[in-house]
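Participant: Structure file query38.txt (compact mmCIF, C-alpha atoms) right here:
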```
# COMPACT_ATOMS: atom_id res chain seq x y z
CA MET E 27 -22.95 3.69 19.79
CA THR E 28 -24.22 0.51 18.15
CA ALA E 29 -26.99 -2.06 18.42
CA PRO E 30 -26.52 -4.21 21.51
CA ASP E 31 -26.48 -7.47 19.60
CA PRO E 32 -25.39 -7.06 15.99
CA PRO E 33 -26.63 -9.96 13.85
CA ASN E 34 -24.02 -12.64 13.25
CA VAL E 35 -24.59 -12.92 9.53
CA VAL E 36 -23.20 -10.16 7.35
CA THR E 37 -25.64 -9.66 4.50
CA ASP E 38 -24.74 -8.74 0.93
CA ASP E 39 -26.39 -5.34 1.15
CA GLU E 40 -24.41 -4.26 4.21
CA LEU E 41 -21.75 -1.59 3.93
CA LEU E 42 -18.35 -2.25 5.44
CA ALA E 43 -15.94 0.49 6.50
CA ARG E 44 -12.19 0.07 6.36
CA PHE E 45 -10.59 2.68 8.59
CA ILE E 46 -7.59 4.31 6.95
CA LEU E 47 -4.82 4.87 9.47
CA PHE E 48 -1.92 5.24 7.03
CA SER E 49 -1.90 8.38 4.90
CA ARG E 50 0.14 6.91 2.04
CA TRP E 51 -2.74 4.61 1.11
CA ILE E 52 -4.67 7.63 -0.13
CA ARG E 53 -3.77 8.98 -3.56
CA GLU E 54 -3.71 12.69 -4.37
CA ASP E 55 -6.99 12.31 -6.27
CA ARG E 56 -8.56 10.90 -3.08
CA THR E 57 -8.85 7.39 -4.42
CA LEU E 58 -7.30 4.51 -2.51
CA ARG E 59 -4.25 2.43 -3.30
CA PRO E 60 -4.76 -1.32 -3.33
CA ASP E 61 -1.99 -1.61 -0.72
CA GLY E 62 -4.56 -0.73 1.93
CA PHE E 63 -6.76 -3.65 0.93
CA MET E 64 -4.13 -6.35 1.14
CA PRO E 65 -4.65 -8.88 3.93
CA SER E 66 -2.72 -8.51 7.16
CA PRO E 67 0.04 -11.01 8.00
CA ASN E 68 -2.62 -13.21 9.65
CA SER E 69 -4.52 -13.37 6.34
CA ASP E 70 -7.54 -11.22 7.03
CA LEU E 71 -8.68 -7.71 6.35
CA SER E 72 -10.27 -5.80 9.19
CA ALA E 73 -13.48 -3.83 8.64
CA THR E 74 -16.45 -2.42 10.54
CA ARG E 75 -20.08 -3.01 9.63
CA HIS E 76 -22.25 0.07 9.24
CA LEU E 77 -25.39 -1.76 10.43
CA GLY E 78 -27.48 1.36 10.10
CA LEU E 79 -25.20 3.44 12.30
CA SER E 80 -25.34 7.19 11.89
CA GLU E 81 -22.34 8.94 10.35
CA LEU E 82 -21.51 10.36 13.75
CA ALA E 83 -21.60 6.97 15.45
CA LEU E 84 -19.47 5.38 12.74
CA TRP E 85 -16.84 8.11 12.99
CA GLN E 86 -16.88 7.74 16.75
CA ILE E 87 -16.04 4.06 16.40
CA ALA E 88 -13.34 4.88 13.84
CA GLN E 89 -11.81 7.49 16.13
CA ALA E 90 -11.92 5.13 19.09
CA VAL E 91 -10.11 2.46 17.06
CA ALA E 92 -7.48 4.97 15.96
CA ASP E 93 -7.04 6.27 19.49
CA ALA E 94 -6.65 2.78 20.89
CA LEU E 95 -3.94 2.08 18.31
CA ARG E 96 -2.38 5.53 18.77
CA LYS E 97 -2.77 6.23 15.08
CA THR E 98 -4.13 9.16 13.11
CA LEU E 99 -7.50 8.57 11.49
CA TYR E 100 -7.33 9.81 7.89
CA GLY E 101 -10.69 8.56 6.75
CA ARG E 102 -12.56 5.44 5.86
CA ALA E 103 -13.21 3.34 2.80
CA ASP E 104 -16.79 2.18 2.39
CA LEU E 105 -17.32 -1.06 0.57
CA LYS E 106 -20.39 -3.16 -0.19
CA THR E 107 -20.30 -6.68 1.17
CA ALA E 108 -21.52 -7.87 -2.23
CA ASP E 109 -18.34 -6.43 -3.80
CA VAL E 110 -16.27 -8.38 -1.30
CA ARG E 111 -18.08 -11.63 -2.05
CA ARG E 112 -17.81 -11.01 -5.78
CA GLN E 113 -14.10 -11.56 -5.25
CA ARG E 114 -14.85 -14.93 -3.62
CA LEU E 115 -13.92 -13.62 -0.19
CA GLN E 116 -15.94 -14.07 2.97
CA ALA E 117 -17.13 -11.31 5.28
CA ASP E 118 -17.74 -12.60 8.79
CA ALA E 119 -18.83 -10.89 11.95
CA ALA E 120 -15.91 -10.76 14.38
CA PRO E 121 -17.09 -8.59 17.26
CA PHE E 122 -14.93 -7.64 20.18
CA PRO E 123 -15.81 -5.54 23.22
CA GLU E 124 -14.42 -2.26 21.87
CA ASN E 125 -16.05 -2.73 18.47
CA PRO E 126 -19.12 -5.02 18.39
CA ASN E 127 -19.52 -4.22 14.68
CA HIS E 128 -16.10 -5.54 13.73
CA ALA E 129 -15.88 -7.93 10.79
CA ASN E 130 -13.10 -9.85 9.10
CA ILE E 131 -12.72 -10.30 5.38
CA THR E 132 -11.18 -13.72 4.91
CA GLY E 133 -10.70 -16.45 2.34
CA TRP E 134 -7.76 -14.83 0.59
CA PRO E 135 -5.79 -16.89 -1.89
CA ALA E 136 -2.30 -17.79 -0.73
CA ASP E 137 -0.78 -16.53 -3.97
CA LYS E 138 0.40 -12.92 -3.60
CA PRO E 139 -0.34 -11.76 -7.17
CA ALA E 140 -3.88 -13.16 -6.83
CA GLN E 141 -4.24 -11.19 -3.59
CA LYS E 142 -3.06 -8.06 -5.37
CA ILE E 143 -5.57 -8.28 -8.18
CA ILE E 144 -8.36 -8.68 -5.62
CA ALA E 145 -7.04 -5.72 -3.63
CA ILE E 146 -7.10 -3.59 -6.80
CA GLU E 147 -10.73 -4.58 -7.38
CA LEU E 148 -11.70 -3.78 -3.78
CA ALA E 149 -9.91 -0.42 -3.90
CA ALA E 150 -11.68 0.46 -7.16
CA ALA E 151 -15.05 -0.49 -5.69
CA ALA E 152 -14.52 1.41 -2.43
CA THR E 153 -15.54 4.98 -1.73
CA PHE E 154 -13.12 7.09 0.29
CA LEU E 155 -14.45 9.50 2.87
CA ALA E 156 -11.90 11.77 4.49
CA ARG E 157 -12.04 12.49 8.20
CA GLU E 158 -13.18 16.10 8.35
CA MET C 4 16.94 24.14 15.66
CA ILE C 5 15.40 21.57 13.38
CA ILE C 6 16.22 21.64 9.69
CA GLU C 7 14.18 19.53 7.31
CA MET C 8 15.60 18.51 3.97
CA ALA C 9 14.68 15.97 1.34
CA ALA C 10 16.52 12.68 1.58
CA SER C 11 18.28 13.18 -1.74
CA THR C 12 19.41 16.65 -0.68
CA VAL C 13 20.90 15.39 2.54
CA LEU C 14 22.47 12.43 0.82
CA SER C 15 23.89 14.53 -1.99
CA MET C 16 25.80 16.51 0.63
CA GLY C 17 27.56 13.33 1.57
CA ALA C 18 25.79 12.82 4.84
CA VAL C 19 24.14 9.59 5.80
CA THR C 20 21.00 10.29 7.75
CA THR C 21 20.14 8.10 10.67
CA TYR C 22 16.81 7.87 12.45
CA GLY C 23 17.83 6.22 15.64
CA THR C 24 20.38 3.91 17.04
CA SER C 25 18.95 0.60 15.86
CA GLU C 26 20.91 -1.64 13.55
CA THR C 27 17.97 -1.63 11.15
CA ALA C 28 17.90 2.15 10.92
CA ARG C 29 21.65 2.28 10.30
CA PHE C 30 21.44 -0.45 7.71
CA VAL C 31 18.59 1.28 5.87
CA ALA C 32 20.53 4.56 5.90
CA GLU C 33 23.59 2.84 4.42
CA LYS C 34 21.47 1.17 1.76
CA ALA C 35 19.80 4.49 0.98
CA GLU C 36 23.20 6.02 0.40
CA GLN C 37 24.12 3.19 -1.95
CA GLY C 38 20.78 3.60 -3.72
CA ARG C 39 21.33 7.33 -4.10
CA HIS C 40 24.71 6.73 -5.64
CA GLN C 41 23.31 4.18 -8.05
CA LEU C 42 20.44 6.41 -9.09
CA GLN C 43 22.55 9.55 -9.50
CA THR C 44 25.05 7.77 -11.68
CA SER C 45 22.32 6.17 -13.73
CA TYR C 46 22.16 7.69 -17.20
CA SER C 47 18.55 6.80 -17.70
CA PHE C 48 16.89 7.74 -14.45
CA GLY C 49 18.28 11.21 -13.77
CA LEU C 50 16.51 13.78 -11.63
CA ASP C 51 13.17 12.04 -11.77
CA GLY C 52 14.75 9.14 -9.95
CA ARG C 53 15.87 11.37 -7.11
CA GLY C 54 12.27 12.29 -6.38
CA VAL C 55 11.24 8.66 -6.29
CA LEU C 56 14.19 7.86 -4.07
CA ASP C 57 13.07 10.50 -1.63
CA GLU C 58 9.61 8.96 -1.65
CA LEU C 59 10.99 5.46 -1.23
CA TYR C 60 13.28 6.56 1.57
CA SER C 61 10.47 8.37 3.36
CA MET C 62 8.11 5.43 2.93
CA THR C 63 10.66 2.97 4.28
CA LYS C 64 11.42 5.23 7.22
CA GLY C 65 7.73 5.37 8.08
CA CYS C 66 7.32 1.61 7.95
CA LEU C 67 10.27 0.35 9.96
CA VAL C 68 8.19 -0.52 13.01
CA ALA C 69 5.73 -3.43 13.07
CA GLY C 70 2.12 -2.28 13.02
CA TRP C 71 2.82 0.86 11.01
CA ASP C 72 -0.61 0.57 9.35
CA GLY C 73 -2.54 0.12 12.60
CA TYR C 74 -3.44 -3.45 11.62
CA GLY C 75 -0.33 -5.42 12.52
CA ALA C 76 1.70 -4.87 9.36
CA ALA C 77 5.19 -6.33 9.19
CA PRO C 78 8.02 -3.79 9.03
CA VAL C 79 9.65 -2.94 5.73
CA CYS C 80 13.15 -4.37 5.82
CA ALA C 81 16.38 -3.02 4.40
CA GLU C 82 16.55 -5.76 1.78
CA ALA C 83 13.20 -4.72 0.33
CA PHE C 84 14.45 -1.14 0.16
CA THR C 85 17.64 -2.23 -1.60
CA GLN C 86 15.74 -4.29 -4.15
CA ALA C 87 13.37 -1.40 -4.83
CA CYS C 88 16.33 0.92 -5.47
CA ARG C 89 17.85 -1.60 -7.87
CA PHE C 90 14.55 -1.98 -9.67
CA LEU C 91 14.16 1.79 -10.09
CA GLU C 92 17.68 2.05 -11.40
CA ALA C 93 16.95 -0.64 -13.95
CA LEU C 94 13.96 1.20 -15.46
CA PRO C 95 14.78 2.23 -19.03
CA PHE C 96 14.95 5.84 -20.16
CA GLY C 97 11.56 7.38 -20.76
CA VAL C 98 9.62 5.21 -18.34
CA PRO C 99 7.56 7.49 -16.08
CA ALA C 100 8.37 7.39 -12.40
CA PRO C 101 5.99 5.33 -10.26
CA SER C 102 4.57 6.30 -6.90
CA VAL C 103 5.68 4.37 -3.86
CA GLY C 104 3.67 2.44 -1.27
CA ALA C 105 3.93 -0.37 1.25
CA GLU C 106 1.87 -3.45 1.99
CA PRO C 107 1.05 -5.16 5.28
CA ASP C 108 3.54 -7.97 4.65
CA GLY C 109 6.36 -5.40 4.60
CA GLN C 110 6.89 -5.32 0.86
CA LEU C 111 7.34 -2.01 -0.94
CA THR C 112 5.12 -1.28 -3.91
CA LEU C 113 5.59 0.77 -7.05
CA GLU C 114 2.45 1.94 -8.78
CA TRP C 115 1.82 3.28 -12.28
CA TYR C 116 -1.63 4.80 -12.12
CA ARG C 117 -4.04 6.37 -14.52
CA SER C 118 -7.34 5.60 -12.80
CA PRO C 119 -8.65 3.03 -10.27
CA ARG C 120 -9.32 0.70 -13.21
CA ARG C 121 -6.16 1.42 -15.17
CA LEU C 122 -3.08 0.77 -13.09
CA LEU C 123 -0.14 -1.50 -12.42
CA SER C 124 1.11 -2.36 -8.95
CA VAL C 125 4.43 -4.13 -8.44
CA SER C 126 5.42 -5.49 -5.02
CA ILE C 127 9.11 -5.97 -4.42
CA SER C 128 10.04 -8.71 -2.01
CA PRO C 129 13.28 -8.71 -0.02
CA ASP C 130 14.57 -11.63 -2.07
CA GLY C 131 13.92 -9.93 -5.40
CA ASP C 132 10.62 -11.41 -6.46
CA LEU C 133 8.38 -9.00 -8.34
CA HIS C 134 4.70 -9.68 -7.70
CA TYR C 135 2.65 -7.65 -10.12
CA ALA C 136 -1.03 -7.07 -10.81
CA ALA C 137 -2.61 -4.80 -13.38
CA ILE C 138 -6.11 -3.82 -14.34
CA LEU C 139 -6.49 -2.24 -17.77
CA GLY C 140 -10.18 -1.63 -18.16
CA PRO C 141 -11.73 -5.05 -18.69
CA SER C 142 -8.34 -6.84 -18.85
CA LYS C 143 -6.37 -8.20 -15.91
CA ALA C 144 -2.82 -9.46 -15.64
CA TYR C 145 -0.97 -10.74 -12.63
CA GLY C 146 1.94 -12.95 -11.77
CA THR C 147 5.46 -13.11 -10.40
CA GLU C 148 8.76 -12.44 -12.12
CA ALA C 149 12.24 -12.76 -10.71
CA PHE C 150 14.39 -9.64 -10.72
CA PHE C 151 17.94 -10.22 -11.89
CA GLY C 152 18.93 -6.62 -12.55
CA GLU C 153 16.72 -5.99 -15.57
CA VAL C 154 13.07 -5.03 -15.55
CA PRO C 155 11.16 -8.01 -16.98
CA ARG C 156 9.53 -7.40 -20.34
CA THR C 157 6.15 -8.40 -18.98
CA ILE C 158 6.25 -5.55 -16.50
CA LEU C 159 7.60 -3.03 -19.03
CA GLY C 160 4.78 -3.98 -21.38
CA LEU C 161 2.21 -3.40 -18.66
CA ILE C 162 3.72 0.00 -17.78
CA HIS C 163 3.35 1.04 -21.41
CA ARG C 164 -0.22 -0.24 -21.53
CA VAL C 165 -1.17 1.75 -18.42
CA GLN C 166 0.29 4.89 -19.97
CA ALA C 167 -1.17 4.37 -23.44
CA THR C 168 -4.05 6.65 -24.35
```
Produce structure tokens that represent the structure in this file.
Facilitator:
Amino acid sequence: MTAPDPPNVVTDDELLARFILFSRWIREDRTLRPDGFMPSPNSDLSATRHLGLSELALWQIAQAVADALRKTLYGRADLKTADVRRQRLQADAAPFPENPNHANITGWPADKPAQKIIAIELAAAATFLARE
Amino acid sequence: MIIEMAASTVLSMGAVTTYGTSETARFVAEKAEQGRHQLQTSYSFGLDGRGVLDELYSMTKGCLVAGWDGYGAAPVCAEAFTQACRFLEALPFGVPAPSVGAEPDGQLTLEWYRSPRRLLSVSISPDGDLHYAAILGPSKAYGTEAFFGEVPRTILGLIHRVQAT
């Protein structure tokens, strides 16, 4: 499904996918609400590196993640790593056995309004792809 | 037989819906009833408010359990729901209804949206803090205001700017 040893460094030109498992984060016009780009309670945002994966392989990972969490997969938001770093966030490889391509977006400000403005920027920069 | 009705329809019949036996579910249902009463007696909000209440109610119901987003989100609590109802009730006449969302820290959000680069998002904390962020083309605004029963002017101004052509 993926390369056996994904490189540790996430490069600026890499695409990151944020799997959308909550339908209310998708607007009627198929854009994404910033709510889905706010950090989790442990201050990171989970994503998956494309790393040259085929569409099929990427969707397989997304579906496996959704299945493991017993959630419905509604789609994914693709985001350039450069757009993440433009917001002064870090994108770090954080592989685990079920998803070797997993990455964490970290470095969020503690201030909630500052987090929100970044989340709006990320949502505007992301491209939503619905699960067909 | 299963009958599905909108929250405001059920509530307007005088029934208080419950979703389970937990204290949280009961508390949210009670608060929803109070919110319905407040919104229906509000001169300014009228029928538009009932639709938002349904959305708010449905959103809260879907986010009562930790991990509702698949990424470890905190549950939305009854206090956040109550504050959101109060905020909606306080919106002046003529202000368009927002859409409703939720964030991983369990706060409810109200969004006024024109495009991905022209929008206002307001998060409502259980203790009544309003964390807002807006992008209006090249301009940005963000901050926190306390909610004491009136919608802060800063936020009203941003709503109008999002809507302005």
Participant: With all atoms listed in the file as the basis for distance, which of C:Thr168, C:Ser25, C:Thr85, C:Thr147 is at the shortest distance from chain E?
Facilitator: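 Using all atoms listed in the file, chain E sits closest to C:Thr147.
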Participant: Which residues are near Arg75 (chain E)? Cut-off 12 Å, only C-alpha atoms, ignore same chain within fewer than 2 positions. Put them as a PDB file with C-alpha atoms, in the coordinates of the input.
Facilitator:
```pdb
ATOM      1  CA  THR E  28     -24.220   0.510  18.150  1.00  0.00           C
ATOM      2  CA  ALA E  29     -26.990  -2.060  18.420  1.00  0.00           C
ATOM      3  CA  PRO E  32     -25.390  -7.060  15.990  1.00  0.00           C
ATOM      4  CA  PRO E  33     -26.630  -9.960  13.850  1.00  0.00           C
ATOM      5  CA  ASN E  34     -24.020 -12.640  13.250  1.00  0.00           C
ATOM      6  CA  VAL E  35     -24.590 -12.920   9.530  1.00  0.00           C
ATOM      7  CA  VAL E  36     -23.200 -10.160   7.350  1.00  0.00           C
ATOM      8  CA  THR E  37     -25.640  -9.660   4.500  1.00  0.00           C
ATOM      9  CA  ASP E  38     -24.740  -8.740   0.930  1.00  0.00           C
ATOM     10  CA  ASP E  39     -26.390  -5.340   1.150  1.00  0.00           C
ATOM     11  CA  GLU E  40     -24.410  -4.260   4.210  1.00  0.00           C
ATOM     12  CA  LEU E  41     -21.750  -1.590   3.930  1.00  0.00           C
ATOM     13  CA  LEU E  42     -18.350  -2.250   5.440  1.00  0.00           C
ATOM     14  CA  ALA E  43     -15.940   0.490   6.500  1.00  0.00           C
ATOM     15  CA  ARG E  44     -12.190   0.070   6.360  1.00  0.00           C
ATOM     16  CA  PHE E  45     -10.590   2.680   8.590  1.00  0.00           C
ATOM     17  CA  SER E  72     -10.270  -5.800   9.190  1.00  0.00           C
ATOM     18  CA  ALA E  73     -13.480  -3.830   8.640  1.00  0.00           C
ATOM     19  CA  LEU E  77     -25.390  -1.760  10.430  1.00  0.00           C
ATOM     20  CA  GLY E  78     -27.480   1.360  10.100  1.00  0.00           C
ATOM     21  CA  LEU E  79     -25.200   3.440  12.300  1.00  0.00           C
ATOM     22  CA  SER E  80     -25.340   7.190  11.890  1.00  0.00           C
ATOM     23  CA  ALA E  83     -21.600   6.970  15.450  1.00  0.00           C
ATOM     24  CA  LEU E  84     -19.470   5.380  12.740  1.00  0.00           C
ATOM     25  CA  ILE E  87     -16.040   4.060  16.400  1.00  0.00           C
ATOM     26  CA  ALA E  88     -13.340   4.880  13.840  1.00  0.00           C
ATOM     27  CA  ARG E 102     -12.560   5.440   5.860  1.00  0.00           C
ATOM     28  CA  ALA E 103     -13.210   3.340   2.800  1.00  0.00           C
ATOM     29  CA  ASP E 104     -16.790   2.180   2.390  1.00  0.00           C
ATOM     30  CA  LEU E 105     -17.320  -1.060   0.570  1.00  0.00           C
ATOM     31  CA  LYS E 106     -20.390  -3.160  -0.190  1.00  0.00           C
ATOM     32  CA  THR E 107     -20.300  -6.680   1.170  1.00  0.00           C
ATOM     33  CA  ALA E 117     -17.130 -11.310   5.280  1.00  0.00           C
ATOM     34  CA  ASP E 118     -17.740 -12.600   8.790  1.00  0.00           C
ATOM     35  CA  ALA E 119     -18.830 -10.890  11.950  1.00  0.00           C
ATOM     36  CA  ALA E 120     -15.910 -10.760  14.380  1.00  0.00           C
ATOM     37  CA  PRO E 121     -17.090  -8.590  17.260  1.00  0.00           C
ATOM     38  CA  ASN E 125     -16.050  -2.730  18.470  1.00  0.00           C
ATOM     39  CA  PRO E 126     -19.120  -5.020  18.390  1.00  0.00           C
ATOM     40  CA  ASN E 127     -19.520  -4.220  14.680  1.00  0.00           C
ATOM     41  CA  HIS E 128     -16.100  -5.540  13.730  1.00  0.00           C
ATOM     42  CA  ALA E 129     -15.880  -7.930  10.790  1.00  0.00           C
ATOM     43  CA  ASN E 130     -13.100  -9.850   9.100  1.00  0.00           C
ATOM     44  CA  ILE E 131     -12.720 -10.300   5.380  1.00  0.00           C
TER      45      ILE E 131
END
```
Participant: For chain E versus chain C, which residues have an atom no more than 12 Å away, and what is each residue's nearest atom pair and distance in Å rounded to one decimal, using all atoms listed in the file, chain-then-number order, as JSON lines?
Facilitator:
```
{"residue": "E:Arg44", "atom": "CA", "partner": "C:Tyr74", "partner_atom": "CA", "distance": 10.8}
{"residue": "E:Phe45", "atom": "CA", "partner": "C:Gly73", "partner_atom": "CA", "distance": 9.4}
{"residue": "E:Ile46", "atom": "CA", "partner": "C:Asp72", "partner_atom": "CA", "distance": 8.3}
{"residue": "E:Leu47", "atom": "CA", "partner": "C:Asp72", "partner_atom": "CA", "distance": 6.0}
{"residue": "E:Phe48", "atom": "CA", "partner": "C:Asp72", "partner_atom": "CA", "distance": 5.4}
{"residue": "E:Ser49", "atom": "CA", "partner": "C:Asp72", "partner_atom": "CA", "distance": 9.1}
{"residue": "E:Arg50", "atom": "CA", "partner": "C:Gly104", "partner_atom": "CA", "distance": 6.6}
{"residue": "E:Trp51", "atom": "CA", "partner": "C:Gly104", "partner_atom": "CA", "distance": 7.2}
{"residue": "E:Ile52", "atom": "CA", "partner": "C:Gly104", "partner_atom": "CA", "distance": 9.9}
{"residue": "E:Arg53", "atom": "CA", "partner": "C:Ser102", "partner_atom": "CA", "distance": 9.4}
{"residue": "E:Glu54", "atom": "CA", "partner": "C:Ser102", "partner_atom": "CA", "distance": 10.8}
{"residue": "E:Asp55", "atom": "CA", "partner": "C:Ser118", "partner_atom": "CA", "distance": 9.4}
{"residue": "E:Arg56", "atom": "CA", "partner": "C:Pro119", "partner_atom": "CA", "distance": 10.7}
{"residue": "E:Thr57", "atom": "CA", "partner": "C:Pro119", "partner_atom": "CA", "distance": 7.3}
{"residue": "E:Leu58", "atom": "CA", "partner": "C:Pro119", "partner_atom": "CA", "distance": 8.0}
{"residue": "E:Arg59", "atom": "CA", "partner": "C:Gly104", "partner_atom": "CA", "distance": 8.2}
{"residue": "E:Pro60", "atom": "CA", "partner": "C:Ser124", "partner_atom": "CA", "distance": 8.2}
{"residue": "E:Asp61", "atom": "CA", "partner": "C:Glu106", "partner_atom": "CA", "distance": 5.1}
{"residue": "E:Gly62", "atom": "CA", "partner": "C:Glu106", "partner_atom": "CA", "distance": 7.0}
{"residue": "E:Phe63", "atom": "CA", "partner": "C:Glu106", "partner_atom": "CA", "distance": 8.7}
{"residue": "E:Met64", "atom": "CA", "partner": "C:Glu106", "partner_atom": "CA", "distance": 6.7}
{"residue": "E:Pro65", "atom": "CA", "partner": "C:Pro107", "partner_atom": "CA", "distance": 6.9}
{"residue": "E:Ser66", "atom": "CA", "partner": "C:Pro107", "partner_atom": "CA", "distance": 5.4}
{"residue": "E:Pro67", "atom": "CA", "partner": "C:Asp108", "partner_atom": "CA", "distance": 5.7}
{"residue": "E:Asn68", "atom": "CA", "partner": "C:Gly75", "partner_atom": "CA", "distance": 8.6}
{"residue": "E:Ser69", "atom": "CA", "partner": "C:Asp108", "partner_atom": "CA", "distance": 9.8}
{"residue": "E:Asp70", "atom": "CA", "partner": "C:Tyr74", "partner_atom": "CA", "distance": 9.9}
{"residue": "E:Leu71", "atom": "CA", "partner": "C:Tyr74", "partner_atom": "CA", "distance": 8.6}
{"residue": "E:Ser72", "atom": "CA", "partner": "C:Tyr74", "partner_atom": "CA", "distance": 7.6}
{"residue": "E:Ala73", "atom": "CA", "partner": "C:Tyr74", "partner_atom": "CA", "distance": 10.5}
{"residue": "E:Ala88", "atom": "CA", "partner": "C:Gly73", "partner_atom": "CA", "distance": 11.9}
{"residue": "E:Val91", "atom": "CA", "partner": "C:Gly73", "partner_atom": "CA", "distance": 9.1}
{"residue": "E:Ala92", "atom": "CA", "partner": "C:Gly73", "partner_atom": "CA", "distance": 7.7}
{"residue": "E:Asp93", "atom": "CA", "partner": "C:Gly73", "partner_atom": "CA", "distance": 10.3}
{"residue": "E:Ala94", "atom": "CA", "partner": "C:Gly73", "partner_atom": "CA", "distance": 9.6}
{"residue": "E:Leu95", "atom": "CA", "partner": "C:Gly73", "partner_atom": "CA", "distance": 6.2}
{"residue": "E:Arg96", "atom": "CA", "partner": "C:Gly73", "partner_atom": "CA", "distance": 8.2}
{"residue": "E:Lys97", "atom": "CA", "partner": "C:Gly73", "partner_atom": "CA", "distance": 6.6}
{"residue": "E:Thr98", "atom": "CA", "partner": "C:Gly73", "partner_atom": "CA", "distance": 9.2}
{"residue": "E:Leu99", "atom": "CA", "partner": "C:Gly73", "partner_atom": "CA", "distance": 9.9}
{"residue": "E:Tyr100", "atom": "CA", "partner": "C:Asp72", "partner_atom": "CA", "distance": 11.5}
{"residue": "E:Asn130", "atom": "CA", "partner": "C:Tyr74", "partner_atom": "CA", "distance": 11.9}
{"residue": "E:Asp137", "atom": "CA", "partner": "C:Gly146", "partner_atom": "CA", "distance": 9.0}
{"residue": "E:Lys138", "atom": "CA", "partner": "C:His134", "partner_atom": "CA", "distance": 6.8}
{"residue": "E:Pro139", "atom": "CA", "partner": "C:Gly146", "partner_atom": "CA", "distance": 5.3}
{"residue": "E:Ala140", "atom": "CA", "partner": "C:Tyr145", "partner_atom": "CA", "distance": 6.9}
{"residue": "E:Gln141", "atom": "CA", "partner": "C:Ala136", "partner_atom": "CA", "distance": 8.9}
{"residue": "E:Lys142", "atom": "CA", "partner": "C:Ala136", "partner_atom": "CA", "distance": 5.9}
{"residue": "E:Ile143", "atom": "CA", "partner": "C:Ala136", "partner_atom": "CA", "distance": 5.4}
{"residue": "E:Ile144", "atom": "CA", "partner": "C:Ala136", "partner_atom": "CA", "distance": 9.1}
{"residue": "E:Ala145", "atom": "CA", "partner": "C:Ala136", "partner_atom": "CA", "distance": 9.5}
{"residue": "E:Ile146", "atom": "CA", "partner": "C:Ile138", "partner_atom": "CA", "distance": 7.6}
{"residue": "E:Glu147", "atom": "CA", "partner": "C:Arg120", "partner_atom": "CA", "distance": 8.0}
{"residue": "E:Leu148", "atom": "CA", "partner": "C:Pro119", "partner_atom": "CA", "distance": 9.9}
{"residue": "E:Ala149", "atom": "CA", "partner": "C:Pro119", "partner_atom": "CA", "distance": 7.4}
{"residue": "E:Ala150", "atom": "CA", "partner": "C:Pro119", "partner_atom": "CA", "distance": 5.0}
{"residue": "E:Ala151", "atom": "CA", "partner": "C:Pro119", "partner_atom": "CA", "distance": 8.6}
{"residue": "E:Ala152", "atom": "CA", "partner": "C:Pro119", "partner_atom": "CA", "distance": 9.9}
{"residue": "E:Thr153", "atom": "CA", "partner": "C:Pro119", "partner_atom": "CA", "distance": 11.1}
```
Participant: Please write the residues from the selection above to a file, keeping C-alpha atoms, as a CSV table (one decimal), in the coordinates of the input.
Facilitator:
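What landed in selection_27.csv:
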```
chain,number,residue,atom,x,y,z
E,44,ARG,CA,-12.2,0.1,6.4
E,45,PHE,CA,-10.6,2.7,8.6
E,46,ILE,CA,-7.6,4.3,7.0
E,47,LEU,CA,-4.8,4.9,9.5
E,48,PHE,CA,-1.9,5.2,7.0
E,49,SER,CA,-1.9,8.4,4.9
E,50,ARG,CA,0.1,6.9,2.0
E,51,TRP,CA,-2.7,4.6,1.1
E,52,ILE,CA,-4.7,7.6,-0.1
E,53,ARG,CA,-3.8,9.0,-3.6
E,54,GLU,CA,-3.7,12.7,-4.4
E,55,ASP,CA,-7.0,12.3,-6.3
E,56,ARG,CA,-8.6,10.9,-3.1
E,57,THR,CA,-8.8,7.4,-4.4
E,58,LEU,CA,-7.3,4.5,-2.5
E,59,ARG,CA,-4.2,2.4,-3.3
E,60,PRO,CA,-4.8,-1.3,-3.3
E,61,ASP,CA,-2.0,-1.6,-0.7
E,62,GLY,CA,-4.6,-0.7,1.9
E,63,PHE,CA,-6.8,-3.6,0.9
E,64,MET,CA,-4.1,-6.4,1.1
E,65,PRO,CA,-4.6,-8.9,3.9
E,66,SER,CA,-2.7,-8.5,7.2
E,67,PRO,CA,0.0,-11.0,8.0
E,68,ASN,CA,-2.6,-13.2,9.6
E,69,SER,CA,-4.5,-13.4,6.3
E,70,ASP,CA,-7.5,-11.2,7.0
E,71,LEU,CA,-8.7,-7.7,6.4
E,72,SER,CA,-10.3,-5.8,9.2
E,73,ALA,CA,-13.5,-3.8,8.6
E,88,ALA,CA,-13.3,4.9,13.8
E,91,VAL,CA,-10.1,2.5,17.1
E,92,ALA,CA,-7.5,5.0,16.0
E,93,ASP,CA,-7.0,6.3,19.5
E,94,ALA,CA,-6.6,2.8,20.9
E,95,LEU,CA,-3.9,2.1,18.3
E,96,ARG,CA,-2.4,5.5,18.8
E,97,LYS,CA,-2.8,6.2,15.1
E,98,THR,CA,-4.1,9.2,13.1
E,99,LEU,CA,-7.5,8.6,11.5
E,100,TYR,CA,-7.3,9.8,7.9
E,130,ASN,CA,-13.1,-9.8,9.1
E,137,ASP,CA,-0.8,-16.5,-4.0
E,138,LYS,CA,0.4,-12.9,-3.6
E,139,PRO,CA,-0.3,-11.8,-7.2
E,140,ALA,CA,-3.9,-13.2,-6.8
E,141,GLN,CA,-4.2,-11.2,-3.6
E,142,LYS,CA,-3.1,-8.1,-5.4
E,143,ILE,CA,-5.6,-8.3,-8.2
E,144,ILE,CA,-8.4,-8.7,-5.6
E,145,ALA,CA,-7.0,-5.7,-3.6
E,146,ILE,CA,-7.1,-3.6,-6.8
E,147,GLU,CA,-10.7,-4.6,-7.4
E,148,LEU,CA,-11.7,-3.8,-3.8
E,149,ALA,CA,-9.9,-0.4,-3.9
E,150,ALA,CA,-11.7,0.5,-7.2
E,151,ALA,CA,-15.0,-0.5,-5.7
E,152,ALA,CA,-14.5,1.4,-2.4
E,153,THR,CA,-15.5,5.0,-1.7
```
